[in-house]
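Shown next, in structure tokens, is the structure this report addresses.
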Number of protein chains: 2
Amino acid sequence: MQIAPKTNAAVSTDVVIFTIRAGRLSVLLVRRQNAPYAGLWSLPGGLVGEGEALEDSALRILLEKTGVQGVYLEQLYTFGQPGRDPRGRVLTVAYYALVPYDRLHVRGGVERLDWFPEDELPPLAFDHRQIVGMARRRLSGKLHYSTIALQFMPEAFTLSELQGVYETLLGERLDKRNFRKRLQALDCLEDTGKRYNGGNHRPARLYRAKSPGEVRIIR
Amino acid sequence: MQIAPKTNAAVSTDVVIFTIRAGRLSVLLVRRQNAPYAGLWSLPGGLVGEGEALEDSALRILLEKTGVQGVYLEQLYTFGQPGRDPRGRVLTVAYYALVPYDRLHVRGGVERLDWFPEDELPPLAFDHRQIVGMARRRLSGKLHYSTIALQFMPEAFTLSELQGVYETLLGERLDKRNFRKRLQALDCLEDTGKRYNGGNHRPARLYRAKSPGEVRIIR
């Protein structure tokens, strides 16, 4: 028995791919070649394959556009407003991904792909502006009650670098002493035993996440 | 131009309707009459209408099954695993709603609808067990960083009643003094000026939420 096709929708996934680049939270966009919205920038996305799970579709798009796998990916929200796509009813299941910048193979400027600072986006196709906004709010929210910020860090990093990422995401300066006290309480880092020798300052300890893949909820 | 129907899916919404009933977090279920899974319990849900927004569909189901509107409703997650419905590809956009028990017209036992304690569910159709589990985790998470628990309260309530709701949701006893101190810091209640005269104790003050519809994030 087939379900009566009361709503038969095309289903896509779109992925808000965040990285931190030159101290700014940035989003990967693709310039559209075809109608509708030809020439406008849009989120990387595509139709879900027959028999393809939603998350697999998002992972496929992430891999195709960035060459990256094994990074943080989370389902964000499903957008299904009638009329959001002029071609017919298209539901998009939006995901967001956090990618450490040093993991990126595609660094923008090629194949109609480029990175844009999240607060200086060009006009976007469809409801993609709204999708990026929701992803940004989800990320901001999680900053306060989880260790999600670590997902932006390379394999080894200094505490100053980590503080810089928090400052970028929060949009404010943090007190170094308080920041380190709170980090210590979280017990989520371990010393690599190596040091970063970068210029005028004395060499800084390099740390790594204790459980790199895991986002821990803070109560 | 129509999009190539790479995945053309039927789209439904299912709603996890929570209330607190006799001191237990409970979920409204519907007994299925037709195949597949005839005779099993399932979440209230249905196909999204042509031209109907996803949230409107969830609101319609909530109203049809409980007679309630104007309560807290939030999109939870979209489940689209191929094979989750034996009749074909069906995506379901799951929502959850929180309903104060005194607002309910349907109190179970009628029209194949009944309330079940969330930790004593019968076997459920489809992947509905998984959906309820995710809704429960979302609710538990939000308890810690928002005023979401107020959404379960009637128009006026005592602080003891509110503490009871928190204890039910957290599954643990709370210290009365600490609980009231934290509540006061949140500044989310106001005195109605009325008192509840219930039995042996001295009359307790009745409070109401300052912004009944709003769920405030606590930082």
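Ligands are numbered from 1 in the order shown, chains are lettered A, B, ... in the order of the structure tokens, and residues start at 1 in each chain.
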Report the residues of region 107-196 of chain A whose backbone DSSP state falls under helix (DSSP H, G or I), written as a PyMOL selection string. chain A and resi 128-145+148-152+159-170+176-186
Please, which residues in chain A fall within 9 Å of chain B when counting only C-alpha atoms, and what is the closest atom pair and distance in Å to one decimal for each, ordered by chain then residue number, as a tab-separated table?
```
residue	atom	partner	partner_atom	distance
A:Met1	CA	B:Arg87	CA	5.8
A:Gln2	CA	B:Arg87	CA	5.2
A:Ile3	CA	B:Arg87	CA	6.3
A:Ala4	CA	B:Ala10	CA	8.2
A:Pro5	CA	B:Ala10	CA	6.1
A:Lys6	CA	B:Gly49	CA	6.0
A:Thr7	CA	B:Glu50	CA	5.1
A:Asn8	CA	B:Ala10	CA	4.8
A:Ala9	CA	B:Asn8	CA	5.4
A:Ala10	CA	B:Asn8	CA	4.8
A:Val11	CA	B:Thr7	CA	6.0
A:Ser12	CA	B:Thr7	CA	8.3
A:Leu47	CA	B:Lys6	CA	6.6
A:Val48	CA	B:Thr7	CA	5.9
A:Gly49	CA	B:Thr7	CA	5.8
A:Glu50	CA	B:Thr7	CA	5.1
A:Gly51	CA	B:Pro82	CA	5.4
A:Glu52	CA	B:Pro82	CA	6.7
A:Ala53	CA	B:Gln81	CA	5.1
A:Leu54	CA	B:Gly80	CA	6.1
A:Glu55	CA	B:Gln81	CA	9.0
A:Gln75	CA	B:Tyr77	CA	7.4
A:Leu76	CA	B:Tyr77	CA	7.9
A:Tyr77	CA	B:Tyr77	CA	6.8
A:Thr78	CA	B:Thr78	CA	6.8
A:Phe79	CA	B:Leu54	CA	8.0
A:Gly80	CA	B:Leu54	CA	6.1
A:Gln81	CA	B:Ala53	CA	5.1
A:Pro82	CA	B:Gly51	CA	5.4
A:Gly83	CA	B:Gly51	CA	8.2
A:Pro86	CA	B:Met1	CA	8.8
A:Arg87	CA	B:Gln2	CA	5.2
A:Gly88	CA	B:Gln2	CA	6.4
A:Arg89	CA	B:Gly51	CA	8.2
A:Val90	CA	B:Ile3	CA	8.5
A:Leu91	CA	B:Val11	CA	8.9
A:Val93	CA	B:Thr78	CA	7.3
A:Gly141	CA	B:Ile217	CA	8.7
A:His144	CA	B:Arg219	CA	7.0
A:Tyr145	CA	B:Tyr145	CA	7.9
A:Ile217	CA	B:Gly141	CA	8.8
A:Arg219	CA	B:His144	CA	7.1
```
Shortest interatomic distance to Leu150 (chain B) - which of B:Tyr166, B:Trp115, B:Tyr96, B:Phe126, counting only C-alpha atoms: B:Tyr166
Figure out the distance between CA of Ala22 (chain B) and CA of Gln151 (chain B), please, to one decimal in Å.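 Taking CA of Gln151 (chain B) as the start and CA of Ala22 (chain B) as the end point, the length is 16.6 Å.
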Straight-line distance linking CA of Leu73 (chain A) with CA of Arg21 (chain A), stated in Å to one decimal: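 If I compute the distance from CA of Leu73 (chain A) to CA of Arg21 (chain A), I get 18.6 Å.
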Find the residues around region 206-213 of chain A up to 12 Å (only C-alpha atoms counted), leave out those fewer than 2 positions away in its own chain, and share them as a PyMOL selection string. chain A and resi 69-73+98-100+147-162+183+186-198+203-204+215-216
Which of region 137-202 of chain A end up as strand (DSSP E or B) when DSSP is run on this backbone - answer as a list in words? Ser146, Phe157, Leu189, Glu190, Asp191, Thr192, Gly193, Lys194, Arg195 and Tyr196 of chain A
Expected file contents, prior selection, N, CA, C and O atoms, as a PDB file, in the first residue's frame:
```pdb
ATOM      1  N   SER A 146      28.108  23.845  26.635  1.00  0.00           N
ATOM      2  CA  SER A 146      28.808  22.660  26.130  1.00  0.00           C
ATOM      3  C   SER A 146      30.239  23.032  25.741  1.00  0.00           C
ATOM      4  O   SER A 146      30.613  24.194  25.723  1.00  0.00           O
ATOM      5  N   PHE A 157      46.880  23.127  20.211  1.00  0.00           N
ATOM      6  CA  PHE A 157      46.649  24.578  20.232  1.00  0.00           C
ATOM      7  C   PHE A 157      47.057  25.135  21.587  1.00  0.00           C
ATOM      8  O   PHE A 157      47.111  24.406  22.588  1.00  0.00           O
ATOM      9  N   LEU A 189      40.924  19.364  28.565  1.00  0.00           N
ATOM     10  CA  LEU A 189      42.176  19.474  27.798  1.00  0.00           C
ATOM     11  C   LEU A 189      43.271  18.640  28.442  1.00  0.00           C
ATOM     12  O   LEU A 189      43.255  18.393  29.642  1.00  0.00           O
ATOM     13  N   GLU A 190      44.242  18.239  27.597  1.00  0.00           N
ATOM     14  CA  GLU A 190      45.455  17.668  28.180  1.00  0.00           C
ATOM     15  C   GLU A 190      46.676  18.260  27.487  1.00  0.00           C
ATOM     16  O   GLU A 190      46.639  18.620  26.309  1.00  0.00           O
ATOM     17  N   ASP A 191      47.746  18.333  28.243  1.00  0.00           N
ATOM     18  CA  ASP A 191      49.008  18.891  27.775  1.00  0.00           C
ATOM     19  C   ASP A 191      49.629  17.911  26.766  1.00  0.00           C
ATOM     20  O   ASP A 191      49.694  16.720  27.028  1.00  0.00           O
ATOM     21  N   THR A 192      50.031  18.424  25.598  1.00  0.00           N
ATOM     22  CA  THR A 192      50.677  17.522  24.621  1.00  0.00           C
ATOM     23  C   THR A 192      52.149  17.295  24.970  1.00  0.00           C
ATOM     24  O   THR A 192      52.794  16.429  24.380  1.00  0.00           O
ATOM     25  N   GLY A 193      52.666  18.098  25.883  1.00  0.00           N
ATOM     26  CA  GLY A 193      54.087  18.011  26.202  1.00  0.00           C
ATOM     27  C   GLY A 193      54.942  18.853  25.265  1.00  0.00           C
ATOM     28  O   GLY A 193      56.130  19.047  25.484  1.00  0.00           O
ATOM     29  N   LYS A 194      54.303  19.368  24.197  1.00  0.00           N
ATOM     30  CA  LYS A 194      55.035  20.209  23.238  1.00  0.00           C
ATOM     31  C   LYS A 194      54.760  21.689  23.504  1.00  0.00           C
ATOM     32  O   LYS A 194      53.843  22.048  24.227  1.00  0.00           O
ATOM     33  N   ARG A 195      55.587  22.504  22.881  1.00  0.00           N
ATOM     34  CA  ARG A 195      55.410  23.939  23.047  1.00  0.00           C
ATOM     35  C   ARG A 195      55.421  24.640  21.704  1.00  0.00           C
ATOM     36  O   ARG A 195      56.038  24.166  20.747  1.00  0.00           O
ATOM     37  N   TYR A 196      54.724  25.739  21.668  1.00  0.00           N
ATOM     38  CA  TYR A 196      54.667  26.550  20.451  1.00  0.00           C
ATOM     39  C   TYR A 196      55.598  27.728  20.636  1.00  0.00           C
ATOM     40  O   TYR A 196      55.462  28.513  21.576  1.00  0.00           O
TER      41      TYR A 196
END
```
Residues within 8 Å of Leu29 (chain B), only C-alpha atoms, excluding chain neighbours under 6 positions, as a PyMOL selection string: chain B and resi 41-44+113-116
Can those selected residues be exported to a file as a CSV table (one decimal), in the first residue's frame so that it contains all heavy atoms?
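Contents of part30.csv, freshly written:
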```csv
chain,number,residue,atom,x,y,z
B,41,TRP,N,0.3,1.4,19.7
B,41,TRP,CA,0.2,2.9,20.1
B,41,TRP,C,1.2,3.7,19.3
B,41,TRP,O,2.3,3.2,18.9
B,41,TRP,CB,0.4,3.1,21.6
B,41,TRP,CG,-0.7,2.5,22.4
B,41,TRP,CD1,-0.7,1.2,22.9
B,41,TRP,CD2,-1.9,3.1,22.8
B,41,TRP,NE1,-1.9,1.0,23.6
B,41,TRP,CE2,-2.6,2.2,23.5
B,41,TRP,CE3,-2.5,4.4,22.6
B,41,TRP,CZ2,-3.9,2.5,24.1
B,41,TRP,CZ3,-3.7,4.7,23.1
B,41,TRP,CH2,-4.4,3.7,23.9
B,42,SER,N,0.9,4.9,19.0
B,42,SER,CA,1.8,5.8,18.2
B,42,SER,C,1.6,7.2,18.6
B,42,SER,O,0.6,7.6,19.3
B,42,SER,CB,1.5,5.6,16.7
B,42,SER,OG,0.2,6.1,16.4
B,43,LEU,N,2.5,8.1,18.2
B,43,LEU,CA,2.3,9.5,18.4
B,43,LEU,C,1.2,10.0,17.5
B,43,LEU,O,1.0,9.6,16.4
B,43,LEU,CB,3.6,10.2,18.1
B,43,LEU,CG,4.8,9.9,19.0
B,43,LEU,CD1,6.1,10.5,18.4
B,43,LEU,CD2,4.5,10.5,20.4
B,44,PRO,N,0.5,11.0,18.0
B,44,PRO,CA,-0.5,11.7,17.2
B,44,PRO,C,0.3,12.4,16.0
B,44,PRO,O,1.3,13.0,16.2
B,44,PRO,CB,-1.1,12.8,18.1
B,44,PRO,CG,-0.6,12.5,19.5
B,44,PRO,CD,0.6,11.6,19.4
B,113,LEU,N,-7.4,7.4,22.4
B,113,LEU,CA,-6.3,8.3,22.9
B,113,LEU,C,-6.1,8.0,24.3
B,113,LEU,O,-7.0,7.8,25.1
B,113,LEU,CB,-6.7,9.8,22.8
B,113,LEU,CG,-6.6,10.5,21.5
B,113,LEU,CD1,-7.3,11.9,21.7
B,113,LEU,CD2,-5.2,10.7,21.1
B,114,ASP,N,-4.8,8.0,24.8
B,114,ASP,CA,-4.6,7.8,26.2
B,114,ASP,C,-3.2,8.4,26.6
B,114,ASP,O,-2.3,8.5,25.7
B,114,ASP,CB,-4.7,6.4,26.7
B,114,ASP,CG,-5.2,6.3,28.1
B,114,ASP,OD1,-5.3,7.4,28.8
B,114,ASP,OD2,-5.6,5.2,28.5
B,115,TRP,N,-3.1,8.8,27.8
B,115,TRP,CA,-1.9,9.3,28.4
B,115,TRP,C,-1.1,8.1,29.0
B,115,TRP,O,-1.7,7.3,29.7
B,115,TRP,CB,-2.1,10.3,29.5
B,115,TRP,CG,-2.7,11.6,28.9
B,115,TRP,CD1,-4.0,11.9,28.9
B,115,TRP,CD2,-2.0,12.7,28.3
B,115,TRP,NE1,-4.2,13.1,28.3
B,115,TRP,CE2,-3.0,13.6,27.9
B,115,TRP,CE3,-0.7,12.9,28.1
B,115,TRP,CZ2,-2.6,14.8,27.3
B,115,TRP,CZ3,-0.3,14.1,27.4
B,115,TRP,CH2,-1.3,15.0,27.1
B,116,PHE,N,0.2,8.2,28.8
B,116,PHE,CA,1.1,7.1,29.4
B,116,PHE,C,2.3,7.9,30.0
B,116,PHE,O,2.8,8.8,29.5
B,116,PHE,CB,1.7,6.2,28.3
B,116,PHE,CG,0.6,5.3,27.7
B,116,PHE,CD1,-0.2,5.8,26.6
B,116,PHE,CD2,0.5,4.0,28.2
B,116,PHE,CE1,-1.1,4.9,26.1
B,116,PHE,CE2,-0.5,3.2,27.6
B,116,PHE,CZ,-1.3,3.6,26.6
```
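Among the candidate residues A:Thr19, A:Gln184, A:Ser140, A:Thr92, the one lying nearest to Ser57 (chain A) is A:Thr92, with distances computed using only C-alpha atoms.
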Residues within 12 Å of Arg136 (chain B), please, as an mmCIF file with all heavy atoms, in the first residue's frame. Count only C-alpha atoms; anything in the same chain fewer than 2 positions from it doesn't count.
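Everything below was put into out00.cif:
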```cif
data_model
loop_
_atom_site.group_PDB
_atom_site.id
_atom_site.type_symbol
_atom_site.label_atom_id
_atom_site.label_comp_id
_atom_site.auth_asym_id
_atom_site.auth_seq_id
_atom_site.Cartn_x
_atom_site.Cartn_y
_atom_site.Cartn_z
ATOM 1 N N VAL B 16 4.997 14.996 19.951
ATOM 2 C CA VAL B 16 5.127 14.437 21.297
ATOM 3 C C VAL B 16 4.471 15.444 22.233
ATOM 4 O O VAL B 16 5.006 16.530 22.453
ATOM 5 C CB VAL B 16 6.604 14.231 21.683
ATOM 6 C CG1 VAL B 16 6.696 13.569 23.056
ATOM 7 C CG2 VAL B 16 7.344 13.412 20.631
ATOM 8 N N ILE B 17 3.288 15.095 22.727
ATOM 9 C CA ILE B 17 2.550 16.017 23.590
ATOM 10 C C ILE B 17 2.780 15.586 25.038
ATOM 11 O O ILE B 17 2.356 14.521 25.450
ATOM 12 C CB ILE B 17 1.044 16.025 23.237
ATOM 13 C CG1 ILE B 17 0.861 16.355 21.740
ATOM 14 C CG2 ILE B 17 0.290 17.019 24.119
ATOM 15 C CD1 ILE B 17 -0.570 16.184 21.236
ATOM 16 N N PHE B 18 3.498 16.443 25.760
ATOM 17 C CA PHE B 18 3.825 16.153 27.156
ATOM 18 C C PHE B 18 2.873 16.896 28.074
ATOM 19 O O PHE B 18 2.516 18.059 27.821
ATOM 20 C CB PHE B 18 5.225 16.660 27.503
ATOM 21 C CG PHE B 18 6.366 15.827 26.990
ATOM 22 C CD1 PHE B 18 7.337 16.403 26.163
ATOM 23 C CD2 PHE B 18 6.514 14.496 27.372
ATOM 24 C CE1 PHE B 18 8.427 15.657 25.709
ATOM 25 C CE2 PHE B 18 7.607 13.754 26.922
ATOM 26 C CZ PHE B 18 8.561 14.331 26.084
ATOM 27 N N THR B 19 2.489 16.248 29.149
ATOM 28 C CA THR B 19 1.856 16.958 30.246
ATOM 29 C C THR B 19 2.366 16.347 31.546
ATOM 30 O O THR B 19 3.040 15.311 31.524
ATOM 31 C CB THR B 19 0.320 16.911 30.187
ATOM 32 O OG1 THR B 19 -0.217 17.927 31.045
ATOM 33 C CG2 THR B 19 -0.229 15.567 30.627
ATOM 34 N N LEU B 25 5.485 12.773 34.353
ATOM 35 C CA LEU B 25 5.564 13.284 32.995
ATOM 36 C C LEU B 25 4.922 12.257 32.071
ATOM 37 O O LEU B 25 5.293 11.084 32.077
ATOM 38 C CB LEU B 25 7.032 13.483 32.594
ATOM 39 C CG LEU B 25 7.251 14.023 31.181
ATOM 40 C CD1 LEU B 25 6.685 15.424 31.015
ATOM 41 C CD2 LEU B 25 8.733 14.003 30.829
ATOM 42 N N SER B 26 3.945 12.702 31.280
ATOM 43 C CA SER B 26 3.158 11.756 30.483
ATOM 44 C C SER B 26 3.056 12.215 29.037
ATOM 45 O O SER B 26 3.183 13.401 28.736
ATOM 46 C CB SER B 26 1.757 11.616 31.080
ATOM 47 O OG SER B 26 1.843 11.182 32.422
ATOM 48 N N VAL B 27 2.821 11.246 28.163
ATOM 49 C CA VAL B 27 2.795 11.471 26.717
ATOM 50 C C VAL B 27 1.457 10.979 26.169
ATOM 51 O O VAL B 27 0.976 9.917 26.574
ATOM 52 C CB VAL B 27 3.940 10.673 26.033
ATOM 53 C CG1 VAL B 27 3.901 10.838 24.525
ATOM 54 C CG2 VAL B 27 5.288 11.099 26.590
ATOM 55 N N LEU B 76 11.397 19.523 16.814
ATOM 56 C CA LEU B 76 12.367 18.684 17.519
ATOM 57 C C LEU B 76 13.456 18.177 16.581
ATOM 58 O O LEU B 76 14.648 18.435 16.793
ATOM 59 C CB LEU B 76 11.609 17.503 18.138
ATOM 60 C CG LEU B 76 12.435 16.431 18.831
ATOM 61 C CD1 LEU B 76 13.089 16.997 20.081
ATOM 62 C CD2 LEU B 76 11.547 15.240 19.177
ATOM 63 N N TYR B 95 7.683 17.335 16.309
ATOM 64 C CA TYR B 95 7.560 18.483 17.197
ATOM 65 C C TYR B 95 7.313 17.968 18.604
ATOM 66 O O TYR B 95 6.903 16.828 18.799
ATOM 67 C CB TYR B 95 6.364 19.368 16.773
ATOM 68 C CG TYR B 95 6.637 20.198 15.543
ATOM 69 C CD1 TYR B 95 6.606 19.618 14.279
ATOM 70 C CD2 TYR B 95 6.940 21.550 15.642
ATOM 71 C CE1 TYR B 95 6.879 20.383 13.144
ATOM 72 C CE2 TYR B 95 7.210 22.318 14.513
ATOM 73 C CZ TYR B 95 7.180 21.723 13.280
ATOM 74 O OH TYR B 95 7.449 22.468 12.157
ATOM 75 N N TYR B 96 7.532 18.826 19.589
ATOM 76 C CA TYR B 96 7.016 18.490 20.916
ATOM 77 C C TYR B 96 6.291 19.692 21.488
ATOM 78 O O TYR B 96 6.596 20.842 21.163
ATOM 79 C CB TYR B 96 8.102 17.944 21.841
ATOM 80 C CG TYR B 96 9.092 18.933 22.381
ATOM 81 C CD1 TYR B 96 9.036 19.354 23.712
ATOM 82 C CD2 TYR B 96 10.109 19.430 21.581
ATOM 83 C CE1 TYR B 96 9.958 20.254 24.220
ATOM 84 C CE2 TYR B 96 11.037 20.333 22.087
ATOM 85 C CZ TYR B 96 10.954 20.746 23.393
ATOM 86 O OH TYR B 96 11.862 21.637 23.897
ATOM 87 N N ALA B 97 5.286 19.369 22.286
ATOM 88 C CA ALA B 97 4.435 20.405 22.874
ATOM 89 C C ALA B 97 4.335 20.144 24.368
ATOM 90 O O ALA B 97 4.370 18.999 24.813
ATOM 91 C CB ALA B 97 3.047 20.354 22.242
ATOM 92 N N LEU B 98 4.232 21.226 25.129
ATOM 93 C CA LEU B 98 4.055 21.110 26.579
ATOM 94 C C LEU B 98 2.702 21.706 26.943
ATOM 95 O O LEU B 98 2.430 22.858 26.620
ATOM 96 C CB LEU B 98 5.161 21.872 27.320
ATOM 97 C CG LEU B 98 6.599 21.559 26.900
ATOM 98 C CD1 LEU B 98 7.589 22.287 27.812
ATOM 99 C CD2 LEU B 98 6.887 20.068 26.908
ATOM 100 N N PRO B 117 2.637 7.386 31.231
ATOM 101 C CA PRO B 117 3.850 7.944 31.841
ATOM 102 C C PRO B 117 5.022 7.707 30.894
ATOM 103 O O PRO B 117 5.141 6.626 30.305
ATOM 104 C CB PRO B 117 4.018 7.124 33.121
ATOM 105 C CG PRO B 117 2.677 6.544 33.385
ATOM 106 C CD PRO B 117 2.020 6.342 32.059
ATOM 107 N N GLU B 118 5.853 8.714 30.780
ATOM 108 C CA GLU B 118 6.938 8.684 29.791
ATOM 109 C C GLU B 118 7.913 7.539 30.047
ATOM 110 O O GLU B 118 8.555 7.061 29.118
ATOM 111 C CB GLU B 118 7.637 10.051 29.838
ATOM 112 C CG GLU B 118 8.878 10.199 29.023
ATOM 113 C CD GLU B 118 10.114 9.784 29.789
ATOM 114 O OE1 GLU B 118 10.116 9.846 31.041
ATOM 115 O OE2 GLU B 118 11.090 9.380 29.119
ATOM 116 N N ASP B 119 8.002 7.084 31.299
ATOM 117 C CA ASP B 119 8.930 5.987 31.579
ATOM 118 C C ASP B 119 8.232 4.630 31.639
ATOM 119 O O ASP B 119 8.809 3.646 32.087
ATOM 120 C CB ASP B 119 9.700 6.268 32.884
ATOM 121 C CG ASP B 119 8.763 6.549 34.050
ATOM 122 O OD1 ASP B 119 7.525 6.524 33.852
ATOM 123 O OD2 ASP B 119 9.258 6.808 35.154
ATOM 124 N N ARG B 129 9.312 5.426 19.417
ATOM 125 C CA ARG B 129 10.012 5.326 20.708
ATOM 126 C C ARG B 129 11.240 6.235 20.710
ATOM 127 O O ARG B 129 11.520 6.942 21.678
ATOM 128 C CB ARG B 129 10.426 3.863 20.949
ATOM 129 C CG ARG B 129 11.015 3.600 22.309
ATOM 130 C CD ARG B 129 9.921 3.633 23.360
ATOM 131 N NE ARG B 129 10.452 3.784 24.726
ATOM 132 C CZ ARG B 129 10.919 4.908 25.241
ATOM 133 N NH1 ARG B 129 10.967 6.009 24.523
ATOM 134 N NH2 ARG B 129 11.342 4.959 26.488
ATOM 135 N N GLN B 130 11.936 6.214 19.593
ATOM 136 C CA GLN B 130 13.142 7.034 19.427
ATOM 137 C C GLN B 130 12.782 8.535 19.460
ATOM 138 O O GLN B 130 13.505 9.344 20.037
ATOM 139 C CB GLN B 130 13.766 6.660 18.077
ATOM 140 C CG GLN B 130 15.146 7.194 17.824
ATOM 141 C CD GLN B 130 15.575 6.970 16.363
ATOM 142 O OE1 GLN B 130 14.936 6.239 15.604
ATOM 143 N NE2 GLN B 130 16.678 7.607 15.976
ATOM 144 N N ILE B 131 11.652 8.878 18.856
ATOM 145 C CA ILE B 131 11.225 10.279 18.820
ATOM 146 C C ILE B 131 10.902 10.766 20.235
ATOM 147 O O ILE B 131 11.323 11.848 20.648
ATOM 148 C CB ILE B 131 10.019 10.465 17.862
ATOM 149 C CG1 ILE B 131 10.433 10.097 16.419
ATOM 150 C CG2 ILE B 131 9.485 11.886 17.931
ATOM 151 C CD1 ILE B 131 9.303 10.159 15.402
ATOM 152 N N VAL B 132 10.170 9.931 20.990
ATOM 153 C CA VAL B 132 9.849 10.316 22.373
ATOM 154 C C VAL B 132 11.135 10.475 23.179
ATOM 155 O O VAL B 132 11.294 11.430 23.954
ATOM 156 C CB VAL B 132 8.921 9.284 23.049
ATOM 157 C CG1 VAL B 132 8.693 9.648 24.513
ATOM 158 C CG2 VAL B 132 7.581 9.196 22.322
ATOM 159 N N GLY B 133 12.072 9.565 22.980
ATOM 160 C CA GLY B 133 13.344 9.634 23.714
ATOM 161 C C GLY B 133 14.083 10.928 23.424
ATOM 162 O O GLY B 133 14.605 11.576 24.341
ATOM 163 N N MET B 134 14.086 11.330 22.164
ATOM 164 C CA MET B 134 14.787 12.562 21.820
ATOM 165 C C MET B 134 14.070 13.783 22.415
ATOM 166 O O MET B 134 14.714 14.716 22.891
ATOM 167 C CB MET B 134 14.927 12.695 20.312
ATOM 168 C CG MET B 134 15.857 13.835 19.942
ATOM 169 S SD MET B 134 16.129 13.982 18.174
ATOM 170 C CE MET B 134 17.291 12.665 17.896
ATOM 171 N N ARG B 138 15.642 16.559 24.950
ATOM 172 C CA ARG B 138 15.611 17.991 24.656
ATOM 173 C C ARG B 138 15.002 18.755 25.836
ATOM 174 O O ARG B 138 15.511 19.783 26.265
ATOM 175 C CB ARG B 138 14.808 18.247 23.377
ATOM 176 C CG ARG B 138 14.633 19.706 22.989
ATOM 177 C CD ARG B 138 15.817 20.300 22.262
ATOM 178 N NE ARG B 138 16.134 19.648 21.011
ATOM 179 C CZ ARG B 138 15.677 20.015 19.796
ATOM 180 N NH1 ARG B 138 14.852 21.038 19.686
ATOM 181 N NH2 ARG B 138 16.053 19.356 18.721
ATOM 182 N N LEU B 139 13.904 18.202 26.350
ATOM 183 C CA LEU B 139 13.230 18.834 27.489
ATOM 184 C C LEU B 139 14.152 18.865 28.710
ATOM 185 O O LEU B 139 14.280 19.895 29.379
ATOM 186 C CB LEU B 139 11.933 18.071 27.781
ATOM 187 C CG LEU B 139 11.111 18.498 28.985
ATOM 188 C CD1 LEU B 139 10.681 19.950 28.892
ATOM 189 C CD2 LEU B 139 9.869 17.599 29.131
ATOM 190 N N SER B 140 14.809 17.763 28.991
ATOM 191 C CA SER B 140 15.725 17.708 30.142
ATOM 192 C C SER B 140 16.839 18.723 29.981
ATOM 193 O O SER B 140 17.207 19.414 30.935
ATOM 194 C CB SER B 140 16.358 16.316 30.273
ATOM 195 O OG SER B 140 15.372 15.362 30.521
ATOM 196 N N GLY B 141 17.380 18.805 28.774
ATOM 197 C CA GLY B 141 18.458 19.758 28.528
ATOM 198 C C GLY B 141 17.999 21.182 28.779
ATOM 199 O O GLY B 141 18.660 21.941 29.493
ATOM 200 N N LYS B 142 16.831 21.525 28.250
ATOM 201 C CA LYS B 142 16.340 22.904 28.352
ATOM 202 C C LYS B 142 15.994 23.295 29.779
ATOM 203 O O LYS B 142 16.015 24.476 30.121
ATOM 204 C CB LYS B 142 15.098 23.087 27.468
ATOM 205 C CG LYS B 142 15.443 23.074 25.998
ATOM 206 C CD LYS B 142 14.627 24.080 25.212
ATOM 207 C CE LYS B 142 15.297 24.304 23.872
ATOM 208 N NZ LYS B 142 14.594 25.270 23.031
ATOM 209 N N LEU B 143 15.640 22.315 30.597
ATOM 210 C CA LEU B 143 15.367 22.590 32.010
ATOM 211 C C LEU B 143 16.508 23.331 32.653
ATOM 212 O O LEU B 143 16.311 24.182 33.528
ATOM 213 C CB LEU B 143 15.243 21.270 32.769
ATOM 214 C CG LEU B 143 13.905 20.631 32.939
ATOM 215 C CD1 LEU B 143 14.050 19.482 33.902
ATOM 216 C CD2 LEU B 143 12.886 21.634 33.417
ATOM 217 N N LEU B 169 10.392 16.395 36.634
ATOM 218 C CA LEU B 169 11.160 16.438 35.389
ATOM 219 C C LEU B 169 12.614 16.021 35.619
ATOM 220 O O LEU B 169 13.227 15.390 34.758
ATOM 221 C CB LEU B 169 11.094 17.839 34.783
ATOM 222 C CG LEU B 169 9.703 18.265 34.304
ATOM 223 C CD1 LEU B 169 9.706 19.737 33.898
ATOM 224 C CD2 LEU B 169 9.239 17.398 33.137
ATOM 225 N N LEU B 170 13.157 16.386 36.768
ATOM 226 C CA LEU B 170 14.561 16.057 37.047
ATOM 227 C C LEU B 170 14.706 14.655 37.630
ATOM 228 O O LEU B 170 15.792 14.085 37.612
ATOM 229 C CB LEU B 170 15.154 17.070 38.037
ATOM 230 C CG LEU B 170 15.313 18.499 37.506
ATOM 231 C CD1 LEU B 170 15.610 19.461 38.655
ATOM 232 C CD2 LEU B 170 16.435 18.543 36.471
#
```
Quick one, how far is CA of His128 (chain B) from CA of Gly45 (chain B)? 10.6 Å
